[in-house]
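One structure below.
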Amino acid sequence: MGKSFVLFMASFRHMRIDILAILAMVVINSAVNIIVHVSIPDNNNTQVSLGNLLTILLIVMAISLPLTFFRRVINLGATRKQYYSGLIVTYSFWAALFSLLNIVWLKLEVGFLREYIETFNIIEIFHWDQFNVVGMFLYQFGAYMLLISILNLLCSCWRHVLGWVIWILLIAAISIGTSIASLRSELADGLLTLLFNDSLVQGFGLTMGISLLLLAAGWWFTSRRTI
């Protein structure tokens with residue numbers, strides 16, 4: 001755990017420019033929205049929740065760390081196992097943090113901010129607000145880890161021949177699945193089961209189960225990855 005924590009702190013320093021850039025983007029976006037709202041009082045445009053905007057960091061992190069952080073820590077003497085365990089700690093921490101942040105921010109929006117400006121929050125879009133606070137946290141955490149694990153796998157496997165196969169199959173699946181009506185229906189049903197599930201046990205179980213499988217696949221590629 002000690003080495004994982006050291007790698008977590010190293011990943012935080014590695015991501016500091018990305019964190020500052022995302023914070024700056026969110027501040028600018030919020031400032032523009034406030035100016036527009038004040039200048040045009042009758043403007044009814046719905047804004048993306050501030051908490052949701054900050055969650056973009058999870059996407060950036062799941063791409064940046066496998067692509068650029070790996071070589072850096074391996075060259076500094078870390079093993080692949082240490083790197084990957086540190087990566088999982090990092091992913092889990094940020095997924096949990098943003099799950100909590102979005103719940104707190106939703107409460108603030110519903111109780112105060114929406115008197116002045118209309119916003120939408122992914123917790124409401126995916127109907128995770130039908131659960132209690134613990135349920136909202138768990139479903140978000142599972143969904144965020146699913147997204148992170150997909151991106152981590154794609155960015156960890158790109159130098160391996162089998163990784164190219166995964167990329168080709170994914171692109172083909174997206175192209176075919178969105179162009180054929182019957183497959184679009186199956187795809188929609190799958191997304192509904194994953195992200196809009198009325199059962200917390202099923203929703204969290206599926207998202208976390210798939211996440212663990214994808215993280216295991218990411219480790220398989222990482223253990224064979226060249227510097």
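Chains: A, B, ... in order of the structure tokens. Residues: from 1 per chain. Ligands: from 1, in order shown.
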
Could you give me, as CSV, every region 49-90 of chain A residue with an atom at most 10 Å from region 113-124 of chain A, plus its closest atom pair and distance in Å to one decimal, counting only C-alpha atoms, rows ordered by chain then number?
residue,atom,partner,partner_atom,distance
A:Ser49,CA,A:Asn121,CA,5.3
A:Leu50,CA,A:Asn121,CA,8.6
A:Gly51,CA,A:Asn121,CA,8.0
A:Asn52,CA,A:Asn121,CA,6.6
A:Leu53,CA,A:Asn121,CA,9.7

For Gly163 (chain A), list every protein, DNA or RNA residue within 12 Å, evaluated using only C-alpha atoms, and leave out those in the same chain fewer than 2 positions away; present the list as a short mmCIF file (atom, residue, chain, number, x, y, z; two decimals) with N, CA and C atoms, in the first residue's frame.
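For reference, part-v1.cif as written:
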data_model
loop_
_atom_site.label_atom_id
_atom_site.label_comp_id
_atom_site.auth_asym_id
_atom_site.auth_seq_id
_atom_site.Cartn_x
_atom_site.Cartn_y
_atom_site.Cartn_z
N ASN A 152 -8.69 2.88 -20.06
CA ASN A 152 -7.40 2.35 -19.62
C ASN A 152 -6.97 1.17 -20.48
N LEU A 153 -7.90 0.27 -20.77
CA LEU A 153 -7.59 -0.88 -21.62
C LEU A 153 -7.19 -0.43 -23.01
N LEU A 154 -7.96 0.47 -23.60
CA LEU A 154 -7.68 0.91 -24.96
C LEU A 154 -6.33 1.62 -25.06
N CYS A 155 -5.96 2.34 -24.01
CA CYS A 155 -4.69 3.07 -24.04
C CYS A 155 -3.51 2.21 -23.58
N SER A 156 -3.79 1.07 -22.95
CA SER A 156 -2.73 0.17 -22.51
C SER A 156 -2.38 -0.87 -23.57
N CYS A 157 -3.30 -1.13 -24.48
CA CYS A 157 -3.11 -2.24 -25.43
C CYS A 157 -2.67 -1.80 -26.82
N TRP A 158 -2.55 -0.50 -27.05
CA TRP A 158 -2.40 -0.03 -28.43
C TRP A 158 -1.09 -0.43 -29.08
N ARG A 159 -0.07 -0.83 -28.29
CA ARG A 159 1.21 -1.24 -28.88
C ARG A 159 1.27 -2.75 -29.14
N HIS A 160 0.26 -3.47 -28.73
CA HIS A 160 0.24 -4.92 -28.89
C HIS A 160 -0.63 -5.29 -30.09
N VAL A 161 -0.25 -6.35 -30.80
CA VAL A 161 -1.02 -6.78 -31.97
C VAL A 161 -2.45 -7.10 -31.59
N VAL A 165 -6.31 -5.52 -32.71
CA VAL A 165 -7.53 -6.29 -33.00
C VAL A 165 -8.69 -5.74 -32.18
N ILE A 166 -8.43 -5.45 -30.91
CA ILE A 166 -9.48 -4.89 -30.04
C ILE A 166 -9.98 -3.56 -30.58
N TRP A 167 -9.05 -2.70 -30.99
CA TRP A 167 -9.43 -1.41 -31.55
C TRP A 167 -10.29 -1.58 -32.81
N ILE A 168 -9.86 -2.48 -33.70
CA ILE A 168 -10.59 -2.71 -34.96
C ILE A 168 -11.99 -3.26 -34.66
N LEU A 169 -12.06 -4.23 -33.74
CA LEU A 169 -13.35 -4.81 -33.39
C LEU A 169 -14.28 -3.78 -32.75
N LEU A 170 -13.71 -2.92 -31.92
CA LEU A 170 -14.53 -1.88 -31.28
C LEU A 170 -15.08 -0.90 -32.30
N ALA A 217 -7.79 -7.28 -17.98
CA ALA A 217 -7.28 -7.29 -19.35
C ALA A 217 -6.21 -6.22 -19.53
N GLY A 218 -6.44 -5.05 -18.91
CA GLY A 218 -5.44 -3.99 -18.98
C GLY A 218 -4.13 -4.41 -18.34
N TRP A 220 -3.04 -7.51 -18.21
CA TRP A 220 -2.42 -8.48 -19.11
C TRP A 220 -1.55 -7.77 -20.15
N PHE A 221 -2.08 -6.71 -20.72
CA PHE A 221 -1.31 -5.95 -21.70
C PHE A 221 -0.17 -5.19 -21.04
N THR A 222 -0.40 -4.64 -19.86
CA THR A 222 0.63 -3.87 -19.18
C THR A 222 1.82 -4.76 -18.80
N ARG A 224 3.01 -7.12 -20.34
CA ARG A 224 3.77 -7.48 -21.55
C ARG A 224 4.20 -6.24 -22.34
N ARG A 225 3.94 -5.10 -21.79
CA ARG A 225 4.20 -3.85 -22.51
C ARG A 225 5.68 -3.48 -22.47
#

Next item on the list: Name all residues at most 10 Å from region 206-210 of chain A (count only C-alpha atoms; drop same-chain ones fewer than 6 positions away) and give them as a PyMOL selection string.
Entry: chain A and resi 138-147+149-150+193-195+197+200+216

Notebook entry, point to check: Can you tell me, as a ChimeraX atom specification, what residues are no more than 8 Å from Ala96 (chain A) when counting only C-alpha atoms, ignoring any on the same chain fewer than 3 positions away?
Noted result: /A:92-93,99-100,137,141
